[in-house]
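Engineer: So here's run-v4.pdb (PDB, C-alpha atoms and all ligand atoms).
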ATOM      1  CA  MET M   1      85.096 119.740  64.709  1.00  0.00           C
ATOM      2  CA  ARG M   2      87.490 119.853  67.568  1.00  0.00           C
ATOM      3  CA  PRO M   3      85.800 120.935  70.783  1.00  0.00           C
ATOM      4  CA  HIS M   4      86.782 124.322  72.079  1.00  0.00           C
ATOM      5  CA  ARG M   5      89.176 124.142  74.966  1.00  0.00           C
ATOM      6  CA  PRO M   6      89.637 127.214  77.146  1.00  0.00           C
ATOM      7  CA  ARG M   7      93.173 128.539  77.146  1.00  0.00           C
ATOM      8  CA  PRO M   8      94.803 130.293  80.087  1.00  0.00           C
ATOM      9  CA  ALA M   9      95.150 134.015  79.842  1.00  0.00           C
ATOM     10  CA  PRO M  10      96.852 136.624  82.001  1.00  0.00           C
ATOM     11  CA  VAL M  11      94.760 137.881  84.877  1.00  0.00           C
ATOM     12  CA  PRO M  12      94.360 141.644  85.289  1.00  0.00           C
ATOM     13  CA  SER M  13      96.642 142.966  87.978  1.00  0.00           C
ATOM     14  CA  ALA M  14      93.670 144.218  89.989  1.00  0.00           C
ATOM     15  CA  LEU M  15      92.697 140.600  90.604  1.00  0.00           C
ATOM     16  CA  ASP M  16      96.182 139.464  91.452  1.00  0.00           C
ATOM     17  CA  ASP M  17      96.962 138.323  94.933  1.00  0.00           C
ATOM     18  CA  THR M  18      99.929 140.435  95.902  1.00  0.00           C
ATOM     19  CA  GLU M  19     100.971 138.086  98.679  1.00  0.00           C
ATOM     20  CA  ARG M  20     103.118 135.487  96.942  1.00  0.00           C
ATOM     21  CA  HIS M  21     103.007 132.233  98.811  1.00  0.00           C
ATOM     22  CA  PRO M  22     105.540 129.397  98.759  1.00  0.00           C
ATOM     23  CA  LEU M  23     102.810 127.201  97.252  1.00  0.00           C
ATOM     24  CA  ASP M  24     102.276 129.697  94.464  1.00  0.00           C
ATOM     25  CA  HIS M  25     102.121 127.496  91.370  1.00  0.00           C
ATOM     26  CA  THR M  26      99.880 129.916  89.570  1.00  0.00           C
ATOM     27  CA  SER M  27     101.579 130.715  86.279  1.00  0.00           C
ATOM     28  CA  PRO M  28     100.007 130.612  83.783  1.00  0.00           C
ATOM     29  CA  ARG M  29      96.744 131.903  85.137  1.00  0.00           C
ATOM     30  CA  PRO M  30      93.399 130.345  84.273  1.00  0.00           C
ATOM     31  CA  ALA M  31      91.071 132.110  81.908  1.00  0.00           C
ATOM     32  CA  ARG M  32      89.836 135.471  83.155  1.00  0.00           C
ATOM     33  CA  ARG M  33      86.278 134.300  82.588  1.00  0.00           C
ATOM     34  CA  LEU M  34      86.718 131.664  85.290  1.00  0.00           C
ATOM     35  CA  ILE M  35      88.136 134.193  87.714  1.00  0.00           C
ATOM     36  CA  LEU M  36      85.239 136.556  87.107  1.00  0.00           C
ATOM     37  CA  GLN M  37      82.743 133.748  87.596  1.00  0.00           C
ATOM     38  CA  ALA M  38      84.401 132.834  90.868  1.00  0.00           C
ATOM     39  CA  THR M  39      84.459 136.440  91.986  1.00  0.00           C
ATOM     40  CA  ALA M  40      80.774 136.810  91.214  1.00  0.00           C
ATOM     41  CA  LEU M  41      79.944 133.639  93.082  1.00  0.00           C
ATOM     42  CA  ALA M  42      81.901 134.811  96.093  1.00  0.00           C
ATOM     43  CA  ALA M  43      79.465 137.716  96.421  1.00  0.00           C
ATOM     44  CA  VAL M  44      76.403 135.446  96.539  1.00  0.00           C
ATOM     45  CA  PRO M  45      75.226 134.380  99.995  1.00  0.00           C
ATOM     46  CA  TYR M  46      75.947 130.692 100.355  1.00  0.00           C
ATOM     47  CA  ALA M  47      72.316 129.860 101.065  1.00  0.00           C
ATOM     48  CA  LEU M  48      71.316 131.223  97.658  1.00  0.00           C
ATOM     49  CA  LEU M  49      73.711 129.036  95.720  1.00  0.00           C
ATOM     50  CA  PRO M  50      71.990 126.229  93.820  1.00  0.00           C
ATOM     51  CA  GLY M  51      72.521 122.736  95.109  1.00  0.00           C
ATOM     52  CA  PRO M  52      74.007 119.951  92.978  1.00  0.00           C
ATOM     53  CA  PRO M  53      71.754 118.724  90.177  1.00  0.00           C
ATOM     54  CA  ALA M  54      69.755 115.602  90.840  1.00  0.00           C
ATOM     55  CA  GLY M  55      71.885 112.537  90.318  1.00  0.00           C
ATOM     56  CA  ALA M  56      75.154 114.458  90.673  1.00  0.00           C
ATOM     57  CA  ARG M  57      77.928 112.564  92.355  1.00  0.00           C
ATOM     58  CA  ALA M  58      78.297 113.616  95.959  1.00  0.00           C
ATOM     59  CA  PRO M  59      81.647 115.215  96.788  1.00  0.00           C
ATOM     60  CA  GLY M  60      84.122 112.778  98.203  1.00  0.00           C
ATOM     61  CA  PRO M  61      87.601 111.468  97.697  1.00  0.00           C
ATOM     62  CA  ASP M  62      88.587 109.494  94.601  1.00  0.00           C
ATOM     63  CA  HIS M  63      91.118 107.764  96.856  1.00  0.00           C
ATOM     64  CA  PRO M  64      89.033 106.338  99.709  1.00  0.00           C
ATOM     65  CA  PRO M  65      91.705 106.539 102.444  1.00  0.00           C
ATOM     66  CA  ALA M  66      91.888 110.297 101.849  1.00  0.00           C
ATOM     67  CA  GLU M  67      89.875 112.878 103.731  1.00  0.00           C
ATOM     68  CA  TRP M  68      87.853 115.182 101.464  1.00  0.00           C
ATOM     69  CA  ARG M  69      89.019 118.754 102.175  1.00  0.00           C
ATOM     70  CA  PRO M  70      87.935 120.636  99.078  1.00  0.00           C
ATOM     71  CA  ALA M  71      89.895 123.503  97.604  1.00  0.00           C
ATOM     72  CA  SER M  72      87.998 126.676  96.764  1.00  0.00           C
ATOM     73  CA  THR M  73      86.344 126.334  93.371  1.00  0.00           C
ATOM     74  CA  ALA M  74      88.223 129.552  92.493  1.00  0.00           C
ATOM     75  CA  ASN M  75      91.507 127.634  92.736  1.00  0.00           C
ATOM     76  CA  TYR M  76      91.127 124.978  90.040  1.00  0.00           C
ATOM     77  CA  THR M  77      89.478 124.338  86.672  1.00  0.00           C
ATOM     78  CA  LYS M  78      86.511 122.043  86.373  1.00  0.00           C
ATOM     79  CA  GLY M  79      87.170 119.159  84.028  1.00  0.00           C
ATOM     80  CA  ASP M  80      85.516 119.219  80.646  1.00  0.00           C
ATOM     81  CA  ARG M  81      83.259 116.171  80.648  1.00  0.00           C
ATOM     82  CA  SER M  82      82.658 116.437  76.902  1.00  0.00           C
ATOM     83  CA  ALA M  83      86.371 116.173  76.145  1.00  0.00           C
ATOM     84  CA  PRO M  84      88.058 113.763  78.550  1.00  0.00           C
ATOM     85  CA  ARG M  85      91.702 114.670  79.074  1.00  0.00           C
ATOM     86  CA  PRO M  86      94.288 111.951  79.342  1.00  0.00           C
ATOM     87  CA  VAL M  87      96.300 112.085  82.544  1.00  0.00           C
ATOM     88  CA  ASP M  88      99.798 110.711  82.097  1.00  0.00           C
ATOM     89  CA  ARG M  89     101.870 112.335  84.839  1.00  0.00           C
ATOM     90  CA  VAL M  90     101.975 112.402  88.616  1.00  0.00           C
ATOM     91  CA  ILE M  91     103.792 115.501  89.878  1.00  0.00           C
ATOM     92  CA  ILE M  92     105.471 115.347  93.282  1.00  0.00           C
ATOM     93  CA  HIS M  93     105.602 118.535  95.356  1.00  0.00           C
ATOM     94  CA  VAL M  94     106.812 119.647  98.758  1.00  0.00           C
ATOM     95  CA  THR M  95     104.639 122.250 100.477  1.00  0.00           C
ATOM     96  CA  GLN M  96     107.282 124.586 101.995  1.00  0.00           C
ATOM     97  CA  THR M  97     104.699 125.185 104.717  1.00  0.00           C
ATOM     98  CA  GLN M  98     102.755 123.138 107.219  1.00  0.00           C
ATOM     99  CA  TYR M  99     100.073 120.634 106.256  1.00  0.00           C
ATOM    100  CA  THR M 100      97.227 122.553 107.890  1.00  0.00           C
ATOM    101  CA  ASN M 101      98.323 125.812 106.310  1.00  0.00           C
ATOM    102  CA  THR M 102      98.394 124.125 102.919  1.00  0.00           C
ATOM    103  CA  LEU M 103      94.719 123.189 103.286  1.00  0.00           C
ATOM    104  CA  PHE M 104      93.911 126.776 104.322  1.00  0.00           C
ATOM    105  CA  VAL M 105      95.746 128.112 101.265  1.00  0.00           C
ATOM    106  CA  PHE M 106      93.870 125.798  98.912  1.00  0.00           C
ATOM    107  CA  ALA M 107      90.542 126.767 100.512  1.00  0.00           C
ATOM    108  CA  ASN M 108      91.292 130.484 100.133  1.00  0.00           C
ATOM    109  CA  PRO M 109      89.798 131.725  96.849  1.00  0.00           C
ATOM    110  CA  ARG M 110      92.400 134.519  96.668  1.00  0.00           C
ATOM    111  CA  LYS M 111      95.349 132.134  96.429  1.00  0.00           C
ATOM    112  CA  LYS M 112      94.701 130.698  92.958  1.00  0.00           C
ATOM    113  CA  VAL M 113      96.593 127.503  93.750  1.00  0.00           C
ATOM    114  CA  SER M 114      95.669 123.919  94.535  1.00  0.00           C
ATOM    115  CA  ALA M 115      96.786 120.322  94.271  1.00  0.00           C
ATOM    116  CA  HIS M 116      94.754 117.138  94.127  1.00  0.00           C
ATOM    117  CA  TYR M 117      96.249 115.663  97.307  1.00  0.00           C
ATOM    118  CA  VAL M 118      98.215 116.713 100.402  1.00  0.00           C
ATOM    119  CA  VAL M 119     100.090 114.161 102.521  1.00  0.00           C
ATOM    120  CA  ARG M 120     100.982 114.927 106.173  1.00  0.00           C
ATOM    121  CA  SER M 121     104.517 114.271 107.384  1.00  0.00           C
ATOM    122  CA  ALA M 122     103.922 112.872 110.858  1.00  0.00           C
ATOM    123  CA  ASP M 123     101.450 110.116 110.036  1.00  0.00           C
ATOM    124  CA  GLY M 124     100.863 110.111 106.282  1.00  0.00           C
ATOM    125  CA  HIS M 125      97.308 111.350 106.721  1.00  0.00           C
ATOM    126  CA  THR M 126      96.103 112.384 103.272  1.00  0.00           C
ATOM    127  CA  SER M 127      93.563 114.948 102.146  1.00  0.00           C
ATOM    128  CA  GLN M 128      92.083 115.231  98.685  1.00  0.00           C
ATOM    129  CA  CYS M 129      91.349 118.841  97.738  1.00  0.00           C
ATOM    130  CA  VAL M 130      90.525 118.581  94.002  1.00  0.00           C
ATOM    131  CA  ARG M 131      88.819 115.728  92.176  1.00  0.00           C
ATOM    132  CA  GLU M 132      91.063 113.811  89.798  1.00  0.00           C
ATOM    133  CA  SER M 133      88.675 114.708  86.969  1.00  0.00           C
ATOM    134  CA  ASP M 134      89.318 118.409  87.614  1.00  0.00           C
ATOM    135  CA  ILE M 135      92.451 120.393  86.777  1.00  0.00           C
ATOM    136  CA  ALA M 136      94.352 121.514  89.860  1.00  0.00           C
ATOM    137  CA  TRP M 137      96.676 124.520  89.580  1.00  0.00           C
ATOM    138  CA  HIS M 138      99.946 123.112  90.876  1.00  0.00           C
ATOM    139  CA  ALA M 139     102.476 122.699  88.055  1.00  0.00           C
ATOM    140  CA  GLY M 140     102.841 126.364  87.095  1.00  0.00           C
ATOM    141  CA  ASP M 141     102.321 125.244  83.496  1.00  0.00           C
ATOM    142  CA  TRP M 142      98.906 124.827  81.917  1.00  0.00           C
ATOM    143  CA  ALA M 143      99.898 121.908  79.689  1.00  0.00           C
ATOM    144  CA  HIS M 144     101.228 120.030  82.701  1.00  0.00           C
ATOM    145  CA  ASN M 145      98.279 120.974  84.903  1.00  0.00           C
ATOM    146  CA  THR M 146      95.890 119.483  82.367  1.00  0.00           C
ATOM    147  CA  ARG M 147      97.780 116.206  82.085  1.00  0.00           C
ATOM    148  CA  SER M 148      98.740 115.533  85.688  1.00  0.00           C
ATOM    149  CA  ILE M 149      97.697 114.713  89.214  1.00  0.00           C
ATOM    150  CA  GLY M 150      99.510 116.848  91.798  1.00  0.00           C
ATOM    151  CA  ILE M 151     100.525 115.494  95.200  1.00  0.00           C
ATOM    152  CA  GLU M 152     101.855 117.853  97.883  1.00  0.00           C
ATOM    153  CA  HIS M 153     103.974 116.517 100.744  1.00  0.00           C
ATOM    154  CA  GLU M 154     104.296 118.412 103.993  1.00  0.00           C
ATOM    155  CA  GLY M 155     107.864 119.584 104.439  1.00  0.00           C
ATOM    156  CA  TRP M 156     110.656 121.741 103.097  1.00  0.00           C
ATOM    157  CA  VAL M 157     113.098 120.961 100.330  1.00  0.00           C
ATOM    158  CA  ASP M 158     116.019 121.475 102.732  1.00  0.00           C
ATOM    159  CA  ARG M 159     114.434 119.500 105.591  1.00  0.00           C
ATOM    160  CA  PRO M 160     114.487 115.833 104.504  1.00  0.00           C
ATOM    161  CA  ASP M 161     113.641 114.838 108.082  1.00  0.00           C
ATOM    162  CA  TYR M 162     110.073 115.753 107.141  1.00  0.00           C
ATOM    163  CA  PHE M 163     110.091 112.954 104.557  1.00  0.00           C
ATOM    164  CA  THR M 164     109.098 110.226 107.017  1.00  0.00           C
ATOM    165  CA  ASP M 165     108.794 106.508 106.336  1.00  0.00           C
ATOM    166  CA  VAL M 166     105.028 106.665 106.760  1.00  0.00           C
ATOM    167  CA  MET M 167     104.747 109.602 104.378  1.00  0.00           C
ATOM    168  CA  TYR M 168     106.778 107.803 101.693  1.00  0.00           C
ATOM    169  CA  GLU M 169     104.701 104.650 102.131  1.00  0.00           C
ATOM    170  CA  THR M 170     101.319 106.377 102.180  1.00  0.00           C
ATOM    171  CA  SER M 171     102.175 108.588  99.233  1.00  0.00           C
ATOM    172  CA  ALA M 172     103.500 105.617  97.261  1.00  0.00           C
ATOM    173  CA  ARG M 173     100.184 103.795  97.754  1.00  0.00           C
ATOM    174  CA  LEU M 174      98.356 106.912  96.594  1.00  0.00           C
ATOM    175  CA  THR M 175     100.538 107.306  93.503  1.00  0.00           C
ATOM    176  CA  ALA M 176     100.186 103.604  92.688  1.00  0.00           C
ATOM    177  CA  ALA M 177      96.391 103.950  92.875  1.00  0.00           C
ATOM    178  CA  VAL M 178      96.406 107.112  90.739  1.00  0.00           C
ATOM    179  CA  CYS M 179      98.590 105.397  88.131  1.00  0.00           C
ATOM    180  CA  ALA M 180      96.291 102.354  88.111  1.00  0.00           C
ATOM    181  CA  ARG M 181      93.185 104.533  87.678  1.00  0.00           C
ATOM    182  CA  HIS M 182      94.657 106.482  84.770  1.00  0.00           C
ATOM    183  CA  GLY M 183      96.898 103.865  83.148  1.00  0.00           C
ATOM    184  CA  ILE M 184     100.094 105.792  83.963  1.00  0.00           C
ATOM    185  CA  PRO M 185     103.374 103.841  83.870  1.00  0.00           C
ATOM    186  CA  THR M 186     104.959 103.739  87.333  1.00  0.00           C
ATOM    187  CA  ASP M 187     108.378 105.038  86.322  1.00  0.00           C
ATOM    188  CA  ARG M 188     110.435 108.213  86.629  1.00  0.00           C
ATOM    189  CA  ALA M 189     109.390 109.361  83.171  1.00  0.00           C
ATOM    190  CA  HIS M 190     105.796 109.630  84.353  1.00  0.00           C
ATOM    191  CA  ILE M 191     106.195 110.280  88.098  1.00  0.00           C
ATOM    192  CA  ILE M 192     108.121 113.534  88.115  1.00  0.00           C
ATOM    193  CA  GLY M 193     109.130 116.327  90.446  1.00  0.00           C
ATOM    194  CA  HIS M 194     107.795 119.848  90.177  1.00  0.00           C
ATOM    195  CA  HIS M 195     111.335 120.972  89.290  1.00  0.00           C
ATOM    196  CA  GLU M 196     111.139 118.778  86.172  1.00  0.00           C
ATOM    197  CA  VAL M 197     108.192 120.684  84.699  1.00  0.00           C
ATOM    198  CA  PRO M 198     109.649 122.669  81.797  1.00  0.00           C
ATOM    199  CA  GLY M 199     110.103 126.313  82.709  1.00  0.00           C
ATOM    200  CA  SER M 200     109.504 125.722  86.416  1.00  0.00           C
ATOM    201  CA  ASP M 201     111.372 127.938  88.869  1.00  0.00           C
ATOM    202  CA  HIS M 202     110.462 125.611  91.739  1.00  0.00           C
ATOM    203  CA  THR M 203     112.984 123.185  93.203  1.00  0.00           C
ATOM    204  CA  ASP M 204     110.626 120.787  94.968  1.00  0.00           C
ATOM    205  CA  PRO M 205     110.763 118.055  96.027  1.00  0.00           C
ATOM    206  CA  GLY M 206     114.500 118.827  96.262  1.00  0.00           C
ATOM    207  CA  PRO M 207     117.621 116.705  96.662  1.00  0.00           C
ATOM    208  CA  GLY M 208     116.402 115.221  99.954  1.00  0.00           C
ATOM    209  CA  TRP M 209     113.595 113.327  98.218  1.00  0.00           C
ATOM    210  CA  ASP M 210     114.632 109.687  97.768  1.00  0.00           C
ATOM    211  CA  TRP M 211     113.390 108.953  94.254  1.00  0.00           C
ATOM    212  CA  SER M 212     114.725 105.408  93.960  1.00  0.00           C
ATOM    213  CA  ARG M 213     113.050 104.477  97.224  1.00  0.00           C
ATOM    214  CA  TYR M 214     109.810 106.158  96.208  1.00  0.00           C
ATOM    215  CA  ILE M 215     109.585 104.457  92.796  1.00  0.00           C
ATOM    216  CA  ARG M 216     110.446 101.133  94.414  1.00  0.00           C
ATOM    217  CA  LEU M 217     107.621 101.611  96.954  1.00  0.00           C
ATOM    218  CA  VAL M 218     105.139 102.574  94.223  1.00  0.00           C
ATOM    219  CA  ASN M 219     105.954  99.399  92.337  1.00  0.00           C
ATOM    220  CA  ALA M 220     105.782  97.254  95.484  1.00  0.00           C
ATOM    221  CA  VAL M 221     102.136  98.141  96.110  1.00  0.00           C
TER     222      VAL M 221
HETATM  223 ZN    ZN E 301     105.626 122.322  93.790  1.00  0.00          ZN
END
Represent the structure from my file as structure tokens, please.
Ligand SMILES: [Zn+2]
Structural biologist:
Amino acid sequence: MRPHRPRPAPVPSALDDTERHPLDHTSPRPARRLILQATALAAVPYALLPGPPAGARAPGPDHPPAEWRPASTANYTKGDRSAPRPVDRVIIHVTQTQYTNTLFVFANPRKKVSAHYVVRSADGHTSQCVRESDIAWHAGDWAHNTRSIGIEHEGWVDRPDYFTDVMYETSARLTAAVCARHGIPTDRAHIIGHHEVPGSDHTDPGPGWDWSRYIRLVNAV
């Protein structure tokens, strides 16, 4: 029998966050059950929450150079260990807000948005917010969320000056490592922009993103 896989479902409007954020990649929404679980957990004093089970892997980055800055557990879907999902895409994003604000957004359980990684413009410093085995909510499309790793880059689609040499180089090393871990070909068919997700109304990373340079850097690692 095929294992049951939860499907996304619309979230009741009462739970919607009315403040739409530039990072809002939320459609389609995760299953209501997950939202309700998260809401219930949010009401429990932190000290009463159970600790990780014995032998559980301690939180930490999958990509060792990255800093572990976890997203709220209300902002992504835990991976289903009994049914491993193949990951065959890396999706490139631009934040449309500052690096620090992006981390705040991902840590805010009301935002319902996350990405696996965020890369800072000035120095390429990278944070991991969602484990690669979990499903971040970044593509605005459930099928693409389940099959991809999402990387946010600090900047704006109409401000290519934010796309610094160090950010390209650091991000390319990250993407190369992600592709190696998951067996993803390092080409433009598998390393795509958010705007290339079918049905997406987002334009990131925008025309200022130098794709030929980026793919060349990924393959030079
Ligand atoms: Zn995006």
Engineer: Written as a PDB file with C-alpha atoms, keeping the file's coordinate frame, which residues does the PyMOL selection byres (((not hetatm)) within 8 of (chain E and resi 301)) give for the file shown?
Structural biologist:
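Heads up, here's the output in expr.pdb:
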ATOM      1  CA  LEU M  23     102.810 127.201  97.252  1.00  0.00           C
ATOM      2  CA  HIS M  25     102.121 127.496  91.370  1.00  0.00           C
ATOM      3  CA  ILE M  92     105.471 115.347  93.282  1.00  0.00           C
ATOM      4  CA  HIS M  93     105.602 118.535  95.356  1.00  0.00           C
ATOM      5  CA  VAL M  94     106.812 119.647  98.758  1.00  0.00           C
ATOM      6  CA  THR M  95     104.639 122.250 100.477  1.00  0.00           C
ATOM      7  CA  HIS M 138      99.946 123.112  90.876  1.00  0.00           C
ATOM      8  CA  ALA M 139     102.476 122.699  88.055  1.00  0.00           C
ATOM      9  CA  GLU M 152     101.855 117.853  97.883  1.00  0.00           C
ATOM     10  CA  GLY M 193     109.130 116.327  90.446  1.00  0.00           C
ATOM     11  CA  HIS M 194     107.795 119.848  90.177  1.00  0.00           C
ATOM     12  CA  HIS M 195     111.335 120.972  89.290  1.00  0.00           C
ATOM     13  CA  HIS M 202     110.462 125.611  91.739  1.00  0.00           C
ATOM     14  CA  THR M 203     112.984 123.185  93.203  1.00  0.00           C
ATOM     15  CA  ASP M 204     110.626 120.787  94.968  1.00  0.00           C
ATOM     16  CA  PRO M 205     110.763 118.055  96.027  1.00  0.00           C
TER      17      PRO M 205
END
Engineer: Could you please determine the separation between atom CA of M:Ala74 and atom CA of M:Gly150 in Å, to one decimal place?
Structural biologist: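 Atom-to-atom, atom CA of M:Ala74 to atom CA of M:Gly150, that is 17.0 Å.
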Engineer: Find the spatial neighbours of M:Thr73, counting all atoms listed in the file, within a cut-off of 9 Å - ignore same-chain residues fewer than 3 positions away - and output them as a tab-separated table (two decimals) with C-alpha atoms, in the frame of the given file.
Structural biologist:
chain	number	residue	atom	x	y	z
M	38	ALA	CA	84.40	132.83	90.87
M	70	PRO	CA	87.94	120.64	99.08
M	76	TYR	CA	91.13	124.98	90.04
M	77	THR	CA	89.48	124.34	86.67
M	78	LYS	CA	86.51	122.04	86.37
M	107	ALA	CA	90.54	126.77	100.51
M	109	PRO	CA	89.80	131.72	96.85
M	130	VAL	CA	90.52	118.58	94.00
Engineer: So which residues touch M:Leu103 within 8 Å, counting only C-alpha atoms, skipping near sequence neighbours fewer than 5 positions away, as a ChimeraX atom specification?
Structural biologist: /M:69,71,118,129
Engineer: Go ahead and compute the interatomic distance for atom CA of M:Arg188 and atom CA of M:Trp68, in Å to one decimal.
Structural biologist: 27.9 Å
Engineer: Quick one: of M:Ala172, M:Val113, M:Ile151, M:Ile135, who's nearest to M:Ala220, counting only C-alpha atoms?
Structural biologist: M:Ala172
